[in-house]
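Reading through the structure tokens given below for one structure.
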Amino acid sequence: MDDTGYTFESEFDKRYGLLTRKLIRLISEDSRAPILELSNVLGVSRRTVRERLIRAEKDLGIKYTAEFNENALNLTNPHLILAKFTNKPDWDEVSRILSSSYVPQLAVVMKGKYDLLIYANAVTSAEYVYWDKSTQIKLSKYGVSWHPSDVAHKQLGYFPLRNELIDRLEMDPKRKEMLKLINSNARITFSDISKRIGMHFNTVAYNFNKLMASGKVKRFTIAISPPKDLTIISLFSKYILSDGFEDDAGRIRKVYTTSGTDYPLISRYLMCAQLVGSYDFFNMGIFDSYDVAFKQAILQYKDIMKRHKAHVEYGCVERVILGALPLRSIDTKGEYNIIKWTVHQ
């Protein structure tokens, strides 16, 4: 037990050997890493790496993709929206409504205090506002209650972008096509890119390096399909700033970076962001069961933030109806070390 008083150890993580967990961590941090490089880092044969990758791809539904720097792409309108319906919606129709626009990047059906979670971004603020208002009108027959928040800062995790949004970017058409191909399959070879977009191999390499130098791609990573026997819980919080807030925020950060398993496949965090608007804070985590999720996510957070009168809305993921949910294994302590924070003992 750590000095926060909380522990987290997943039975799901224990099903997979250390070698597999290390391999998934490596491709989470660089999904374009060659088999030979992975073999050298792990100290096993290339054949073993290929076999473990194939098995992991099948068991976990791995998709090789990219984490983009949305600011570098001039996508400066990120929002998280919670929706609640008084009438049971036709989810197929909701999916069609959302997919008809490039603005929503992720839409997840939830069970709990809200029914739908949406991550959205747009090329301009005017386009975002138009989408926001028109979507509420289209969903009004279901009695929708709509609560948007600006994503001020993503502390952990990422939101995959749809190719429909990338297609709207103002940039060289060939480089745009490269981004879309990498987004769909980050392990695509330069030879395949060359064939797909009709560009010479050397020119592909040149433009690829230019894209990387521009900072538009943060890293090549993976997304994992939500395992059916696990619980993914999402928390939104509104609180009142008071004395001791920084100390308590530091305790929460420490909780999120604590795990009982080396190289965990799942953790109490998938995504974590500071918000402005309807809510102040967002967190999503994955757990072995609902009981564990409730204790390790909701009750912990409420306990730590009780003197700041935190109001919490939460729900469990039922299914994804648009986009991809970015589950992956990364070094949470390494990610959080980028952010300066202090806890007074």
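Chain identifiers are assigned as A, B, and so on, following the order in which chains appear in the structure tokens; residues are numbered from 1 within each chain, and ligands are numbered from 1 in order of appearance.
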Residues flagged strand (DSSP E) by DSSP in segment 18-228 of chain A, as a compact mmCIF listing (two decimals) with C-alpha atoms, in the first residue's frame:
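Wrote states_31.txt, looks like this:
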# COMPACT_ATOMS: atom_id res chain seq x y z
CA LYS A 63 -5.25 -1.04 -33.83
CA TYR A 64 -2.04 0.74 -34.81
CA THR A 65 -2.65 4.46 -34.97
CA ALA A 66 -1.16 7.87 -34.17
CA GLU A 67 -1.49 10.38 -31.37
CA PHE A 68 -1.72 13.80 -33.00
CA HIS A 79 -14.78 19.71 -26.18
CA LEU A 80 -16.15 16.91 -24.05
CA ILE A 81 -19.95 16.67 -23.99
CA LEU A 82 -22.18 14.75 -21.61
CA ALA A 83 -25.71 14.02 -22.83
CA LYS A 84 -28.67 12.66 -20.89
CA PHE A 85 -31.96 11.63 -22.52
CA PRO A 104 -17.39 14.43 -33.28
CA GLN A 105 -14.34 12.19 -32.95
CA LEU A 106 -15.57 9.75 -30.32
CA ALA A 107 -19.06 8.84 -29.11
CA VAL A 108 -19.60 6.32 -26.33
CA VAL A 109 -22.88 4.97 -24.95
CA MET A 110 -22.73 5.08 -21.15
CA LYS A 111 -24.72 3.53 -18.32
CA GLY A 112 -25.04 5.66 -15.21
CA LEU A 116 -23.68 9.58 -24.01
CA LEU A 117 -20.08 10.85 -23.92
CA ILE A 118 -18.75 12.75 -26.95
CA TYR A 119 -15.31 14.12 -27.74
CA ALA A 120 -15.45 16.77 -30.47
CA VAL A 144 -31.63 15.64 -24.62
CA SER A 145 -29.86 17.47 -21.79
CA TRP A 146 -26.54 18.71 -23.19
CA HIS A 147 -23.49 19.63 -21.04
CA PRO A 148 -20.33 20.68 -22.94
CA SER A 149 -16.92 21.55 -21.45
CA ASP A 150 -13.78 22.91 -23.12
CA VAL A 151 -10.79 20.59 -22.85
CA ALA A 152 -8.28 23.04 -21.40
CA HIS A 153 -5.42 20.60 -20.91
CA LYS A 154 -5.01 16.87 -21.56
CA GLN A 155 -2.84 15.61 -18.74
CA LEU A 156 -2.89 11.94 -19.67
CA VAL A 217 2.41 13.71 -34.64
CA LYS A 218 3.22 13.21 -30.96
CA ARG A 219 3.81 9.49 -31.21
CA PHE A 220 2.75 6.35 -33.02
CA THR A 221 0.68 4.31 -30.65
CA ILE A 222 -2.14 1.79 -30.39
CA ALA A 223 -5.78 1.54 -29.44
Give me, as a tab-separated table, the closest atom pair and its distance (Å, one decimal) for every residue of segment 208-240 of chain A within a cut-off of 6 Å of segment 298-314 of chain A, counting only C-alpha atoms, rows sorted by chain and rising number.
residue	atom	partner	partner_atom	distance
A:Ser234	CA	A:Tyr314	CA	5.4
A:Leu235	CA	A:Tyr314	CA	4.4
A:Phe236	CA	A:Glu313	CA	5.2
A:Ser237	CA	A:Val312	CA	4.5
A:Lys238	CA	A:His311	CA	5.1
A:Tyr239	CA	A:Ala310	CA	4.2
A:Ile240	CA	A:His308	CA	5.1
For the contact check between segment 80-109 of chain A and segment 122-140 of chain A, emit one row per residue of segment 80-109 of chain A within 8 Å, containing the shortest atom pair and the distance in Å rounded to one decimal, counting only C-alpha atoms, chain then rising number order, as JSON lines.
{"residue": "A:Val94", "atom": "CA", "partner": "A:Leu139", "partner_atom": "CA", "distance": 7.6}
{"residue": "A:Ile97", "atom": "CA", "partner": "A:Thr135", "partner_atom": "CA", "distance": 7.5}
{"residue": "A:Leu98", "atom": "CA", "partner": "A:Thr135", "partner_atom": "CA", "distance": 7.7}
{"residue": "A:Ser101", "atom": "CA", "partner": "A:Trp131", "partner_atom": "CA", "distance": 7.7}
{"residue": "A:Tyr102", "atom": "CA", "partner": "A:Ala122", "partner_atom": "CA", "distance": 7.7}
{"residue": "A:Val103", "atom": "CA", "partner": "A:Ala122", "partner_atom": "CA", "distance": 5.3}
Deliver the residues from the most recent selection as a file, using C-alpha atoms, as a compact mmCIF listing (two decimals), in the first residue's frame.
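Okay, out16.txt is ready:
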# COMPACT_ATOMS: atom_id res chain seq x y z
CA VAL A 94 -27.78 8.79 -32.93
CA ILE A 97 -26.50 11.82 -36.82
CA LEU A 98 -23.04 12.04 -35.28
CA SER A 101 -20.38 15.47 -39.38
CA TYR A 102 -16.58 15.56 -39.14
CA VAL A 103 -16.73 17.33 -35.74
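The nearest approach to Ile232 of chain A among the residues A:Glu246, A:Ser194, A:Thr203, A:Gln296, with only C-alpha atoms taken into account, belongs to A:Gln296.
Nearest to Pro226 of chain A of all the residues A:Gly323, A:Gly61, A:Pro34, A:Pro264 is A:Gly61, based on only C-alpha atoms.
Nearest to Ile193 of chain A of all the residues A:Leu211, A:Ser242, A:Asn77, A:Lys174 is A:Lys174, based on only C-alpha atoms.
Closest approach to Leu19 of chain A from the set A:Ile330, A:Leu73, A:Phe190, A:Tyr263 is made by A:Tyr263, with distances taken over only C-alpha atoms.
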(message) Run DSSP on the backbone and tell me which residues of segment 64-252 of chain A come out as helix (DSSP H, G or I); list them as number ranges by chain.
(response) A: 91-99, 125-142, 163-166, 173-184, 190-197, 201-213, 245-252
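Residue nearest Asp13 of chain A, chosen from A:Phe245, A:Pro326, A:Asn87, A:Gly260 and counting only C-alpha atoms: A:Gly260.
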Using only C-alpha atoms, determine which residues lie at most 9 Å from segment 41-54 of chain A, disregarding the query and same-chain residues fewer than 6 positions distant; provide the list as a CSV table (one decimal) with C-alpha atoms, in the first residue's frame.
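To be explicit, this is the file written out as part_17.csv:
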chain,number,residue,atom,x,y,z
A,19,LEU,CA,7.0,-10.3,-21.8
A,20,THR,CA,3.6,-9.6,-23.4
A,22,LYS,CA,6.4,-5.1,-22.0
A,23,LEU,CA,5.8,-5.7,-25.7
A,24,ILE,CA,2.5,-3.8,-25.5
A,35,ILE,CA,10.3,-6.2,-35.1
(message) Just to confirm, what's the straight-line distance from atom CA of Met271 of chain A to atom CA of Lys216 of chain A in Å (one decimal)?
(response) 19.9 Å
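Here atom CA of Val292 of chain A and atom CA of Asp248 of chain A stand 21.7 Å from one another.
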(request) Provide the atom CA of Cys316 of chain A to atom CA of Arg15 of chain A distance in Å, to one decimal place. (result) 23.0 Å
